[in-house]
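K.L.:
So I've got this file, input_16.cif, and it contains mmCIF, N, CA and C atoms:
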data_final
#
loop_
_atom_site.label_atom_id
_atom_site.label_comp_id
_atom_site.auth_asym_id
_atom_site.auth_seq_id
_atom_site.Cartn_x
_atom_site.Cartn_y
_atom_site.Cartn_z
N MET A 1 -16.39 -5.04 95.76
CA MET A 1 -15.84 -5.09 97.10
C MET A 1 -16.46 -6.22 97.92
N ASP A 2 -17.75 -6.49 97.65
CA ASP A 2 -18.41 -7.57 98.39
C ASP A 2 -17.77 -8.92 98.10
N VAL A 3 -17.31 -9.13 96.87
CA VAL A 3 -16.64 -10.38 96.53
C VAL A 3 -15.37 -10.54 97.36
N LEU A 4 -14.64 -9.45 97.54
CA LEU A 4 -13.41 -9.47 98.35
C LEU A 4 -13.74 -9.77 99.81
N ILE A 5 -14.80 -9.18 100.32
CA ILE A 5 -15.22 -9.45 101.70
C ILE A 5 -15.57 -10.93 101.85
N HIS A 6 -16.32 -11.47 100.90
CA HIS A 6 -16.69 -12.89 100.97
C HIS A 6 -15.46 -13.79 100.87
N LEU A 7 -14.49 -13.40 100.07
CA LEU A 7 -13.24 -14.16 99.97
C LEU A 7 -12.53 -14.21 101.32
N PHE A 8 -12.45 -13.06 101.99
CA PHE A 8 -11.78 -13.02 103.29
C PHE A 8 -12.59 -13.76 104.37
N VAL A 9 -13.91 -13.74 104.26
CA VAL A 9 -14.72 -14.53 105.20
C VAL A 9 -14.41 -16.01 105.02
N GLY A 10 -14.32 -16.46 103.77
CA GLY A 10 -13.97 -17.85 103.51
C GLY A 10 -12.61 -18.21 104.06
N LEU A 11 -11.63 -17.34 103.87
CA LEU A 11 -10.28 -17.58 104.41
C LEU A 11 -10.30 -17.57 105.94
N HIS A 12 -11.13 -16.72 106.52
CA HIS A 12 -11.26 -16.66 107.98
C HIS A 12 -11.82 -17.99 108.50
N ILE A 13 -12.79 -18.54 107.81
CA ILE A 13 -13.37 -19.81 108.20
C ILE A 13 -12.35 -20.94 108.05
N ILE A 14 -11.53 -20.88 107.01
CA ILE A 14 -10.47 -21.88 106.84
C ILE A 14 -9.49 -21.79 108.01
N GLY A 15 -9.18 -20.58 108.46
CA GLY A 15 -8.29 -20.41 109.61
C GLY A 15 -8.86 -21.01 110.87
N ILE A 16 -10.14 -20.76 111.14
CA ILE A 16 -10.75 -21.32 112.36
C ILE A 16 -10.85 -22.83 112.24
N ALA A 17 -11.07 -23.33 111.02
CA ALA A 17 -11.12 -24.79 110.82
C ALA A 17 -9.76 -25.42 111.09
N ALA A 18 -8.69 -24.77 110.68
CA ALA A 18 -7.35 -25.30 110.93
C ALA A 18 -7.05 -25.31 112.43
N LEU A 19 -7.42 -24.24 113.11
CA LEU A 19 -7.17 -24.15 114.55
C LEU A 19 -7.99 -25.18 115.30
N LEU A 20 -9.28 -25.23 115.03
CA LEU A 20 -10.14 -26.18 115.74
C LEU A 20 -9.85 -27.61 115.32
N GLY A 21 -9.57 -27.83 114.05
CA GLY A 21 -9.24 -29.16 113.57
C GLY A 21 -7.98 -29.71 114.22
N GLY A 22 -6.97 -28.84 114.36
CA GLY A 22 -5.74 -29.25 115.05
C GLY A 22 -6.02 -29.63 116.49
N PHE A 23 -6.88 -28.87 117.14
CA PHE A 23 -7.25 -29.19 118.52
C PHE A 23 -7.97 -30.54 118.58
N LEU A 24 -8.95 -30.72 117.71
CA LEU A 24 -9.75 -31.94 117.75
C LEU A 24 -8.92 -33.18 117.44
N THR A 25 -7.93 -33.06 116.57
CA THR A 25 -7.09 -34.23 116.26
C THR A 25 -6.19 -34.62 117.43
N GLN A 26 -5.97 -33.69 118.34
CA GLN A 26 -5.09 -33.96 119.48
C GLN A 26 -5.86 -34.28 120.76
N MET A 27 -7.19 -34.37 120.69
CA MET A 27 -7.96 -34.61 121.91
C MET A 27 -7.67 -35.97 122.53
N LYS A 28 -7.48 -37.00 121.73
CA LYS A 28 -7.15 -38.31 122.27
C LYS A 28 -5.80 -38.26 122.98
N ALA A 29 -4.85 -37.57 122.36
CA ALA A 29 -3.54 -37.41 122.97
C ALA A 29 -3.64 -36.57 124.24
N MET A 30 -4.58 -35.61 124.27
CA MET A 30 -4.76 -34.79 125.47
C MET A 30 -5.18 -35.68 126.64
N GLY A 31 -6.02 -36.67 126.37
CA GLY A 31 -6.44 -37.60 127.41
C GLY A 31 -5.27 -38.38 127.99
N ARG A 32 -4.29 -38.68 127.15
CA ARG A 32 -3.08 -39.39 127.60
C ARG A 32 -2.03 -38.43 128.17
N GLY A 33 -2.24 -37.14 128.00
CA GLY A 33 -1.27 -36.16 128.49
C GLY A 33 -0.11 -35.92 127.53
N THR A 34 -0.29 -36.29 126.26
CA THR A 34 0.79 -36.12 125.28
C THR A 34 0.41 -35.17 124.15
N ALA A 35 -0.62 -34.36 124.34
CA ALA A 35 -1.05 -33.44 123.29
C ALA A 35 0.01 -32.38 123.05
N ARG A 36 0.06 -31.94 121.81
CA ARG A 36 0.98 -30.85 121.45
C ARG A 36 0.28 -29.95 120.45
N PHE A 37 0.77 -28.72 120.34
CA PHE A 37 0.22 -27.79 119.36
C PHE A 37 0.86 -28.08 118.01
N VAL A 38 0.04 -28.49 117.06
CA VAL A 38 0.54 -28.81 115.73
C VAL A 38 0.69 -27.51 114.93
N PRO A 39 1.58 -27.50 113.92
CA PRO A 39 1.80 -26.26 113.15
C PRO A 39 0.54 -25.69 112.53
N GLY A 40 -0.40 -26.54 112.15
CA GLY A 40 -1.65 -26.04 111.55
C GLY A 40 -2.44 -25.15 112.50
N MET A 41 -2.30 -25.38 113.80
CA MET A 41 -3.01 -24.56 114.77
C MET A 41 -2.44 -23.15 114.78
N LEU A 42 -1.13 -23.03 114.72
CA LEU A 42 -0.50 -21.71 114.68
C LEU A 42 -0.85 -21.00 113.38
N HIS A 43 -0.78 -21.72 112.27
CA HIS A 43 -1.09 -21.12 110.98
C HIS A 43 -2.56 -20.71 110.89
N GLY A 44 -3.43 -21.52 111.47
CA GLY A 44 -4.85 -21.18 111.49
C GLY A 44 -5.12 -19.92 112.30
N ALA A 45 -4.47 -19.81 113.46
CA ALA A 45 -4.66 -18.61 114.29
C ALA A 45 -4.12 -17.37 113.60
N LEU A 46 -2.97 -17.50 112.95
CA LEU A 46 -2.43 -16.35 112.21
C LEU A 46 -3.32 -15.97 111.03
N THR A 47 -3.87 -16.97 110.36
CA THR A 47 -4.79 -16.70 109.25
C THR A 47 -6.02 -15.96 109.76
N MET A 48 -6.53 -16.39 110.91
CA MET A 48 -7.68 -15.71 111.50
C MET A 48 -7.36 -14.26 111.82
N LEU A 49 -6.18 -14.01 112.36
CA LEU A 49 -5.80 -12.65 112.73
C LEU A 49 -5.72 -11.75 111.49
N VAL A 50 -5.01 -12.22 110.48
CA VAL A 50 -4.80 -11.40 109.27
C VAL A 50 -6.13 -11.17 108.55
N THR A 51 -6.92 -12.23 108.37
CA THR A 51 -8.18 -12.06 107.65
C THR A 51 -9.20 -11.27 108.47
N GLY A 52 -9.16 -11.42 109.79
CA GLY A 52 -10.07 -10.65 110.64
C GLY A 52 -9.78 -9.15 110.56
N VAL A 53 -8.52 -8.80 110.59
CA VAL A 53 -8.14 -7.38 110.46
C VAL A 53 -8.55 -6.86 109.09
N ALA A 54 -8.32 -7.68 108.06
CA ALA A 54 -8.71 -7.27 106.70
C ALA A 54 -10.23 -7.10 106.60
N LEU A 55 -10.98 -7.99 107.22
CA LEU A 55 -12.44 -7.89 107.17
C LEU A 55 -12.94 -6.63 107.86
N VAL A 56 -12.36 -6.28 108.99
CA VAL A 56 -12.76 -5.06 109.67
C VAL A 56 -12.48 -3.85 108.77
N GLY A 57 -11.29 -3.82 108.17
CA GLY A 57 -10.94 -2.71 107.30
C GLY A 57 -11.84 -2.62 106.08
N LEU A 58 -12.12 -3.76 105.45
CA LEU A 58 -12.99 -3.76 104.27
C LEU A 58 -14.41 -3.35 104.61
N ASN A 59 -14.91 -3.82 105.75
CA ASN A 59 -16.26 -3.44 106.16
C ASN A 59 -16.36 -1.97 106.52
N GLN A 60 -15.31 -1.43 107.13
CA GLN A 60 -15.30 0.00 107.44
C GLN A 60 -15.23 0.83 106.15
N ALA A 61 -14.47 0.34 105.18
CA ALA A 61 -14.36 1.05 103.90
C ALA A 61 -15.71 1.10 103.18
N GLN A 62 -16.54 0.11 103.39
CA GLN A 62 -17.87 0.06 102.77
C GLN A 62 -18.93 0.76 103.63
N ASP A 63 -18.54 1.29 104.77
CA ASP A 63 -19.45 1.92 105.72
C ASP A 63 -20.50 0.95 106.26
N TYR A 64 -20.13 -0.34 106.36
CA TYR A 64 -21.00 -1.31 106.98
C TYR A 64 -20.87 -1.16 108.49
N PRO A 65 -21.96 -1.42 109.23
CA PRO A 65 -21.87 -1.30 110.70
C PRO A 65 -20.96 -2.38 111.29
N ILE A 66 -20.14 -1.96 112.25
CA ILE A 66 -19.22 -2.88 112.92
C ILE A 66 -19.43 -2.73 114.42
N ASP A 67 -19.57 -3.86 115.11
CA ASP A 67 -19.68 -3.87 116.56
C ASP A 67 -18.27 -3.95 117.13
N ASN A 68 -17.73 -2.79 117.50
CA ASN A 68 -16.34 -2.72 117.95
C ASN A 68 -16.09 -3.50 119.23
N VAL A 69 -17.08 -3.59 120.11
CA VAL A 69 -16.91 -4.36 121.34
C VAL A 69 -16.78 -5.85 121.01
N LYS A 70 -17.64 -6.34 120.13
CA LYS A 70 -17.58 -7.73 119.71
C LYS A 70 -16.23 -8.04 119.07
N ILE A 71 -15.79 -7.18 118.16
CA ILE A 71 -14.51 -7.38 117.49
C ILE A 71 -13.37 -7.33 118.50
N GLY A 72 -13.46 -6.45 119.48
CA GLY A 72 -12.43 -6.35 120.51
C GLY A 72 -12.35 -7.61 121.37
N VAL A 73 -13.51 -8.16 121.73
CA VAL A 73 -13.53 -9.39 122.53
C VAL A 73 -12.95 -10.55 121.72
N LYS A 74 -13.36 -10.66 120.46
CA LYS A 74 -12.84 -11.73 119.60
C LYS A 74 -11.34 -11.58 119.40
N LEU A 75 -10.87 -10.36 119.23
CA LEU A 75 -9.43 -10.12 119.06
C LEU A 75 -8.66 -10.48 120.33
N ALA A 76 -9.21 -10.12 121.49
CA ALA A 76 -8.54 -10.44 122.75
C ALA A 76 -8.42 -11.96 122.93
N LEU A 77 -9.49 -12.69 122.63
CA LEU A 77 -9.44 -14.14 122.74
C LEU A 77 -8.41 -14.72 121.76
N LEU A 78 -8.40 -14.19 120.54
CA LEU A 78 -7.47 -14.69 119.53
C LEU A 78 -6.02 -14.40 119.91
N ILE A 79 -5.76 -13.27 120.52
CA ILE A 79 -4.39 -12.94 120.94
C ILE A 79 -3.94 -13.89 122.04
N VAL A 80 -4.83 -14.24 122.97
CA VAL A 80 -4.48 -15.22 124.01
C VAL A 80 -4.20 -16.57 123.36
N ILE A 81 -5.07 -17.00 122.44
CA ILE A 81 -4.87 -18.27 121.74
C ILE A 81 -3.54 -18.25 121.01
N LEU A 82 -3.30 -17.21 120.25
CA LEU A 82 -2.08 -17.09 119.47
C LEU A 82 -0.85 -17.10 120.36
N GLY A 83 -0.91 -16.39 121.47
CA GLY A 83 0.21 -16.36 122.40
C GLY A 83 0.52 -17.73 122.98
N LEU A 84 -0.51 -18.43 123.41
CA LEU A 84 -0.30 -19.76 123.98
C LEU A 84 0.26 -20.74 122.95
N VAL A 85 -0.32 -20.73 121.76
CA VAL A 85 0.12 -21.67 120.72
C VAL A 85 1.54 -21.32 120.28
N TYR A 86 1.85 -20.04 120.15
CA TYR A 86 3.19 -19.64 119.70
C TYR A 86 4.26 -20.00 120.73
N VAL A 87 3.98 -19.72 121.99
CA VAL A 87 4.98 -19.97 123.03
C VAL A 87 5.23 -21.46 123.22
N LYS A 88 4.18 -22.26 123.13
CA LYS A 88 4.28 -23.70 123.40
C LYS A 88 4.43 -24.55 122.14
N ARG A 89 4.64 -23.94 120.98
CA ARG A 89 4.61 -24.67 119.71
C ARG A 89 5.71 -25.71 119.57
N ASP A 90 6.85 -25.54 120.21
CA ASP A 90 7.97 -26.47 120.06
C ASP A 90 8.05 -27.53 121.15
N GLU A 91 7.15 -27.46 122.11
CA GLU A 91 7.19 -28.43 123.21
C GLU A 91 6.61 -29.77 122.75
N GLU A 92 7.23 -30.85 123.22
CA GLU A 92 6.78 -32.19 122.84
C GLU A 92 5.39 -32.50 123.36
N LYS A 93 5.07 -32.01 124.55
CA LYS A 93 3.73 -32.17 125.08
C LYS A 93 3.35 -30.92 125.86
N VAL A 94 2.08 -30.61 125.82
CA VAL A 94 1.56 -29.41 126.46
C VAL A 94 0.63 -29.85 127.58
N ASP A 95 0.65 -29.12 128.67
CA ASP A 95 -0.22 -29.41 129.80
C ASP A 95 -1.68 -29.45 129.36
N LYS A 96 -2.43 -30.39 129.92
CA LYS A 96 -3.84 -30.57 129.56
C LYS A 96 -4.64 -29.28 129.72
N SER A 97 -4.39 -28.57 130.81
CA SER A 97 -5.18 -27.37 131.07
C SER A 97 -4.91 -26.28 130.03
N VAL A 98 -3.67 -26.12 129.62
CA VAL A 98 -3.34 -25.12 128.60
C VAL A 98 -3.94 -25.52 127.26
N PHE A 99 -3.81 -26.79 126.93
CA PHE A 99 -4.35 -27.27 125.66
C PHE A 99 -5.87 -27.15 125.64
N GLY A 100 -6.50 -27.53 126.74
CA GLY A 100 -7.95 -27.41 126.84
C GLY A 100 -8.42 -25.97 126.79
N LEU A 101 -7.63 -25.06 127.37
CA LEU A 101 -7.98 -23.64 127.34
C LEU A 101 -8.00 -23.12 125.91
N VAL A 102 -7.04 -23.55 125.10
CA VAL A 102 -7.02 -23.12 123.70
C VAL A 102 -8.28 -23.62 122.99
N GLY A 103 -8.67 -24.85 123.23
CA GLY A 103 -9.89 -25.38 122.62
C GLY A 103 -11.13 -24.63 123.10
N LEU A 104 -11.18 -24.33 124.38
CA LEU A 104 -12.31 -23.60 124.94
C LEU A 104 -12.40 -22.19 124.36
N LEU A 105 -11.27 -21.49 124.29
CA LEU A 105 -11.27 -20.13 123.75
C LEU A 105 -11.60 -20.12 122.26
N THR A 106 -11.14 -21.13 121.54
CA THR A 106 -11.47 -21.23 120.12
C THR A 106 -12.97 -21.43 119.93
N THR A 107 -13.54 -22.32 120.72
CA THR A 107 -14.98 -22.57 120.65
C THR A 107 -15.76 -21.32 121.06
N ALA A 108 -15.30 -20.65 122.10
CA ALA A 108 -15.96 -19.41 122.53
C ALA A 108 -15.92 -18.37 121.41
N ASN A 109 -14.80 -18.27 120.72
CA ASN A 109 -14.66 -17.32 119.62
C ASN A 109 -15.66 -17.62 118.51
N ILE A 110 -15.88 -18.90 118.23
CA ILE A 110 -16.85 -19.29 117.21
C ILE A 110 -18.26 -18.88 117.63
N PHE A 111 -18.62 -19.18 118.88
CA PHE A 111 -19.97 -18.86 119.33
C PHE A 111 -20.20 -17.36 119.47
N ILE A 112 -19.16 -16.61 119.81
CA ILE A 112 -19.29 -15.15 119.84
C ILE A 112 -19.58 -14.64 118.44
N ALA A 113 -18.88 -15.17 117.45
CA ALA A 113 -19.09 -14.75 116.06
C ALA A 113 -20.52 -15.05 115.61
N LEU A 114 -21.04 -16.20 116.02
CA LEU A 114 -22.34 -16.63 115.54
C LEU A 114 -23.52 -16.03 116.32
N LEU A 115 -23.37 -15.91 117.62
CA LEU A 115 -24.52 -15.56 118.46
C LEU A 115 -24.59 -14.10 118.91
N TRP A 116 -23.47 -13.41 118.91
CA TRP A 116 -23.47 -12.01 119.37
C TRP A 116 -24.02 -11.15 118.24
N THR A 117 -25.19 -10.58 118.46
CA THR A 117 -25.80 -9.74 117.42
C THR A 117 -25.95 -8.31 117.87
#
Show me, as structure tokens, the structure contained in the file I just sent.
P.N.:
Amino acid sequence: MDVLIHLFVGLHIIGIAALLGGFLTQMKAMGRGTARFVPGMLHGALTMLVTGVALVGLNQAQDYPIDNVKIGVKLALLIVILGLVYVKRDEEKVDKSVFGLVGLLTTANIFIALLWT
């Protein structure tokens, strides 16, 4: 079961890399006001959602301790990110503040995962 958990952790990291990588590749365009949400950002956020839910279930099945408040905060941030990226995915350019908010929430989600103990 631990191998499966590690597999999903790896997939979860790939999802966050796709989301953050998509944001970082559009930062120059954000400065010009022409940034857009690339498909990889949506796919990364969806990957994070699916693998995160799977990780919670697998950890609960193993009776590993889970911080439900931490998971709830991370889920809430991810739902906001997913909602913004999904709604604005077809627009040619996205407002700087909305695009920056997605980057900020993504970064916050990473630091919550790493620093909240």
K.L.:
From a DSSP calculation on the backbone, collect every residue of region 62-117 of chain A in alpha helix (DSSP H) and output the set as a PDB file with N, CA and C atoms, in the coordinates of the input.
P.N.:
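Heads up, here's the output in states-v4.pdb:
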ATOM      1  N   ASN A  68     -17.730  -2.790 117.500  1.00  0.00           N
ATOM      2  CA  ASN A  68     -16.340  -2.720 117.950  1.00  0.00           C
ATOM      3  C   ASN A  68     -16.090  -3.500 119.230  1.00  0.00           C
ATOM      4  N   VAL A  69     -17.080  -3.590 120.110  1.00  0.00           N
ATOM      5  CA  VAL A  69     -16.910  -4.360 121.340  1.00  0.00           C
ATOM      6  C   VAL A  69     -16.780  -5.850 121.010  1.00  0.00           C
ATOM      7  N   LYS A  70     -17.640  -6.340 120.130  1.00  0.00           N
ATOM      8  CA  LYS A  70     -17.580  -7.730 119.710  1.00  0.00           C
ATOM      9  C   LYS A  70     -16.230  -8.040 119.070  1.00  0.00           C
ATOM     10  N   ILE A  71     -15.790  -7.180 118.160  1.00  0.00           N
ATOM     11  CA  ILE A  71     -14.510  -7.380 117.490  1.00  0.00           C
ATOM     12  C   ILE A  71     -13.370  -7.330 118.500  1.00  0.00           C
ATOM     13  N   GLY A  72     -13.460  -6.450 119.480  1.00  0.00           N
ATOM     14  CA  GLY A  72     -12.430  -6.350 120.510  1.00  0.00           C
ATOM     15  C   GLY A  72     -12.350  -7.610 121.370  1.00  0.00           C
ATOM     16  N   VAL A  73     -13.510  -8.160 121.730  1.00  0.00           N
ATOM     17  CA  VAL A  73     -13.530  -9.390 122.530  1.00  0.00           C
ATOM     18  C   VAL A  73     -12.950 -10.550 121.720  1.00  0.00           C
ATOM     19  N   LYS A  74     -13.360 -10.660 120.460  1.00  0.00           N
ATOM     20  CA  LYS A  74     -12.840 -11.730 119.600  1.00  0.00           C
ATOM     21  C   LYS A  74     -11.340 -11.580 119.400  1.00  0.00           C
ATOM     22  N   LEU A  75     -10.870 -10.360 119.230  1.00  0.00           N
ATOM     23  CA  LEU A  75      -9.430 -10.120 119.060  1.00  0.00           C
ATOM     24  C   LEU A  75      -8.660 -10.480 120.330  1.00  0.00           C
ATOM     25  N   ALA A  76      -9.210 -10.120 121.490  1.00  0.00           N
ATOM     26  CA  ALA A  76      -8.540 -10.440 122.750  1.00  0.00           C
ATOM     27  C   ALA A  76      -8.420 -11.960 122.930  1.00  0.00           C
ATOM     28  N   LEU A  77      -9.490 -12.690 122.630  1.00  0.00           N
ATOM     29  CA  LEU A  77      -9.440 -14.140 122.740  1.00  0.00           C
ATOM     30  C   LEU A  77      -8.410 -14.720 121.760  1.00  0.00           C
ATOM     31  N   LEU A  78      -8.400 -14.190 120.540  1.00  0.00           N
ATOM     32  CA  LEU A  78      -7.470 -14.690 119.530  1.00  0.00           C
ATOM     33  C   LEU A  78      -6.020 -14.400 119.910  1.00  0.00           C
ATOM     34  N   ILE A  79      -5.760 -13.270 120.520  1.00  0.00           N
ATOM     35  CA  ILE A  79      -4.390 -12.940 120.940  1.00  0.00           C
ATOM     36  C   ILE A  79      -3.940 -13.890 122.040  1.00  0.00           C
ATOM     37  N   VAL A  80      -4.830 -14.240 122.970  1.00  0.00           N
ATOM     38  CA  VAL A  80      -4.480 -15.220 124.010  1.00  0.00           C
ATOM     39  C   VAL A  80      -4.200 -16.570 123.360  1.00  0.00           C
ATOM     40  N   ILE A  81      -5.070 -17.000 122.440  1.00  0.00           N
ATOM     41  CA  ILE A  81      -4.870 -18.270 121.740  1.00  0.00           C
ATOM     42  C   ILE A  81      -3.540 -18.250 121.010  1.00  0.00           C
ATOM     43  N   LEU A  82      -3.300 -17.210 120.250  1.00  0.00           N
ATOM     44  CA  LEU A  82      -2.080 -17.090 119.470  1.00  0.00           C
ATOM     45  C   LEU A  82      -0.850 -17.100 120.360  1.00  0.00           C
ATOM     46  N   GLY A  83      -0.910 -16.390 121.470  1.00  0.00           N
ATOM     47  CA  GLY A  83       0.210 -16.360 122.400  1.00  0.00           C
ATOM     48  C   GLY A  83       0.520 -17.730 122.980  1.00  0.00           C
ATOM     49  N   LEU A  84      -0.510 -18.430 123.410  1.00  0.00           N
ATOM     50  CA  LEU A  84      -0.300 -19.760 123.980  1.00  0.00           C
ATOM     51  C   LEU A  84       0.260 -20.740 122.950  1.00  0.00           C
ATOM     52  N   VAL A  85      -0.320 -20.730 121.760  1.00  0.00           N
ATOM     53  CA  VAL A  85       0.120 -21.670 120.720  1.00  0.00           C
ATOM     54  C   VAL A  85       1.540 -21.320 120.280  1.00  0.00           C
ATOM     55  N   TYR A  86       1.850 -20.040 120.150  1.00  0.00           N
ATOM     56  CA  TYR A  86       3.190 -19.640 119.700  1.00  0.00           C
ATOM     57  C   TYR A  86       4.260 -20.000 120.730  1.00  0.00           C
ATOM     58  N   VAL A  87       3.980 -19.720 121.990  1.00  0.00           N
ATOM     59  CA  VAL A  87       4.980 -19.970 123.030  1.00  0.00           C
ATOM     60  C   VAL A  87       5.230 -21.460 123.220  1.00  0.00           C
ATOM     61  N   LYS A  96      -2.430 -30.390 129.920  1.00  0.00           N
ATOM     62  CA  LYS A  96      -3.840 -30.570 129.560  1.00  0.00           C
ATOM     63  C   LYS A  96      -4.640 -29.280 129.720  1.00  0.00           C
ATOM     64  N   SER A  97      -4.390 -28.570 130.810  1.00  0.00           N
ATOM     65  CA  SER A  97      -5.180 -27.370 131.070  1.00  0.00           C
ATOM     66  C   SER A  97      -4.910 -26.280 130.030  1.00  0.00           C
ATOM     67  N   VAL A  98      -3.670 -26.120 129.620  1.00  0.00           N
ATOM     68  CA  VAL A  98      -3.340 -25.120 128.600  1.00  0.00           C
ATOM     69  C   VAL A  98      -3.940 -25.520 127.260  1.00  0.00           C
ATOM     70  N   PHE A  99      -3.810 -26.790 126.930  1.00  0.00           N
ATOM     71  CA  PHE A  99      -4.350 -27.270 125.660  1.00  0.00           C
ATOM     72  C   PHE A  99      -5.870 -27.150 125.640  1.00  0.00           C
ATOM     73  N   GLY A 100      -6.500 -27.530 126.740  1.00  0.00           N
ATOM     74  CA  GLY A 100      -7.950 -27.410 126.840  1.00  0.00           C
ATOM     75  C   GLY A 100      -8.420 -25.970 126.790  1.00  0.00           C
ATOM     76  N   LEU A 101      -7.630 -25.060 127.370  1.00  0.00           N
ATOM     77  CA  LEU A 101      -7.980 -23.640 127.340  1.00  0.00           C
ATOM     78  C   LEU A 101      -8.000 -23.120 125.910  1.00  0.00           C
ATOM     79  N   VAL A 102      -7.040 -23.550 125.100  1.00  0.00           N
ATOM     80  CA  VAL A 102      -7.020 -23.120 123.700  1.00  0.00           C
ATOM     81  C   VAL A 102      -8.280 -23.620 122.990  1.00  0.00           C
ATOM     82  N   GLY A 103      -8.670 -24.850 123.230  1.00  0.00           N
ATOM     83  CA  GLY A 103      -9.890 -25.380 122.620  1.00  0.00           C
ATOM     84  C   GLY A 103     -11.130 -24.630 123.100  1.00  0.00           C
ATOM     85  N   LEU A 104     -11.180 -24.330 124.380  1.00  0.00           N
ATOM     86  CA  LEU A 104     -12.310 -23.600 124.940  1.00  0.00           C
ATOM     87  C   LEU A 104     -12.400 -22.190 124.360  1.00  0.00           C
ATOM     88  N   LEU A 105     -11.270 -21.490 124.290  1.00  0.00           N
ATOM     89  CA  LEU A 105     -11.270 -20.130 123.750  1.00  0.00           C
ATOM     90  C   LEU A 105     -11.600 -20.120 122.260  1.00  0.00           C
ATOM     91  N   THR A 106     -11.140 -21.130 121.540  1.00  0.00           N
ATOM     92  CA  THR A 106     -11.470 -21.230 120.120  1.00  0.00           C
ATOM     93  C   THR A 106     -12.970 -21.430 119.930  1.00  0.00           C
ATOM     94  N   THR A 107     -13.540 -22.320 120.720  1.00  0.00           N
ATOM     95  CA  THR A 107     -14.980 -22.570 120.650  1.00  0.00           C
ATOM     96  C   THR A 107     -15.760 -21.320 121.060  1.00  0.00           C
ATOM     97  N   ALA A 108     -15.300 -20.650 122.100  1.00  0.00           N
ATOM     98  CA  ALA A 108     -15.960 -19.410 122.530  1.00  0.00           C
ATOM     99  C   ALA A 108     -15.920 -18.370 121.410  1.00  0.00           C
ATOM    100  N   ASN A 109     -14.800 -18.270 120.720  1.00  0.00           N
ATOM    101  CA  ASN A 109     -14.660 -17.320 119.620  1.00  0.00           C
ATOM    102  C   ASN A 109     -15.660 -17.620 118.510  1.00  0.00           C
ATOM    103  N   ILE A 110     -15.880 -18.900 118.230  1.00  0.00           N
ATOM    104  CA  ILE A 110     -16.850 -19.290 117.210  1.00  0.00           C
ATOM    105  C   ILE A 110     -18.260 -18.880 117.630  1.00  0.00           C
ATOM    106  N   PHE A 111     -18.620 -19.180 118.880  1.00  0.00           N
ATOM    107  CA  PHE A 111     -19.970 -18.860 119.330  1.00  0.00           C
ATOM    108  C   PHE A 111     -20.200 -17.360 119.470  1.00  0.00           C
ATOM    109  N   ILE A 112     -19.160 -16.610 119.810  1.00  0.00           N
ATOM    110  CA  ILE A 112     -19.290 -15.150 119.840  1.00  0.00           C
ATOM    111  C   ILE A 112     -19.580 -14.640 118.440  1.00  0.00           C
ATOM    112  N   ALA A 113     -18.880 -15.170 117.450  1.00  0.00           N
ATOM    113  CA  ALA A 113     -19.090 -14.750 116.060  1.00  0.00           C
ATOM    114  C   ALA A 113     -20.520 -15.050 115.610  1.00  0.00           C
ATOM    115  N   LEU A 114     -21.040 -16.200 116.020  1.00  0.00           N
ATOM    116  CA  LEU A 114     -22.340 -16.630 115.540  1.00  0.00           C
ATOM    117  C   LEU A 114     -23.520 -16.030 116.320  1.00  0.00           C
ATOM    118  N   LEU A 115     -23.370 -15.910 117.620  1.00  0.00           N
ATOM    119  CA  LEU A 115     -24.520 -15.560 118.460  1.00  0.00           C
ATOM    120  C   LEU A 115     -24.590 -14.100 118.910  1.00  0.00           C
TER     121      LEU A 115
END
K.L.:
Return as a PyMOL selection string the set of residues that the PyMOL selection byres ((chain A and resi 14-20) around 8) yields on the displayed structure.
P.N.:
chain A and resi 8-13+21-26+39-49+102-103+106-107
K.L.:
When you count only C-alpha atoms, which of these residues is closest to Leu75 (chain A): A:Ala113, A:Met27, A:His6, A:Ser97?
P.N.:
A:Ala113
K.L.:
Can you tell me how far atom C of Val80 (chain A) sits from atom C of Leu7 (chain A), in Å to one decimal?
P.N.:
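Interatomic distance here is 23.7 Å.
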K.L.:
Find, counting only C-alpha atoms, the residue in A:Val3, A:Val73, A:Leu84, A:Ile110 that gets nearest to Val98 (chain A).
P.N.:
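Of A:Val3, A:Val73, A:Leu84, A:Ile110, the one nearest Val98 (chain A) is A:Leu84, counting only C-alpha atoms.
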K.L.:
Can you pull out the residues contacting Ala76 (chain A)? Cut-off 12 Å, using only C-alpha atoms, and skip same-chain residues under 4 positions away; I want them as a list of chain:residue names.
P.N.:
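Residues near the query, excluding close chain neighbours: A:Leu49, A:Asn68, A:Val69, A:Lys70, A:Ile71, A:Gly72, A:Val80, A:Ile81, A:Leu82, A:Gly83, A:Leu105, A:Thr106, A:Ala108, A:Asn109.
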K.L.:
Need the axis-aligned box for region 96-113 of chain A with 4 Å each side, so what are the centre and edges in Å to one decimal, as JSON?
P.N.:
{"center_x": -11.5, "center_y": -22.6, "center_z": 123.3, "size_x": 26.1, "size_y": 23.9, "size_z": 23.5}
K.L.:
Separation of CA of Leu101 (chain A) and CA of Lys88 (chain A), in Å?
P.N.:
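Going from CA of Leu101 (chain A) over to CA of Lys88 (chain A) covers 12.9 Å.
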K.L.:
Which residues are near Ile66 (chain A)? Cut-off 8 Å, only N, CA and C atoms, ignore same chain within fewer than 6 positions. Put them as a PDB file with N, CA and C atoms, in the coordinates of the input.
P.N.:
ATOM      1  N   VAL A  56     -12.360  -6.280 108.990  1.00  0.00           N
ATOM      2  CA  VAL A  56     -12.760  -5.060 109.670  1.00  0.00           C
ATOM      3  C   VAL A  56     -12.480  -3.850 108.770  1.00  0.00           C
ATOM      4  N   ASN A  59     -14.910  -3.820 105.750  1.00  0.00           N
ATOM      5  CA  ASN A  59     -16.260  -3.440 106.160  1.00  0.00           C
ATOM      6  C   ASN A  59     -16.360  -1.970 106.520  1.00  0.00           C
ATOM      7  N   GLN A  60     -15.310  -1.430 107.130  1.00  0.00           N
ATOM      8  CA  GLN A  60     -15.300   0.000 107.440  1.00  0.00           C
ATOM      9  C   GLN A  60     -15.230   0.830 106.150  1.00  0.00           C
TER      10      GLN A  60
END
K.L.:
So how many Å separate CA of Met1 (chain A) and CA of Leu114 (chain A), to one decimal?
P.N.:
22.7 Å
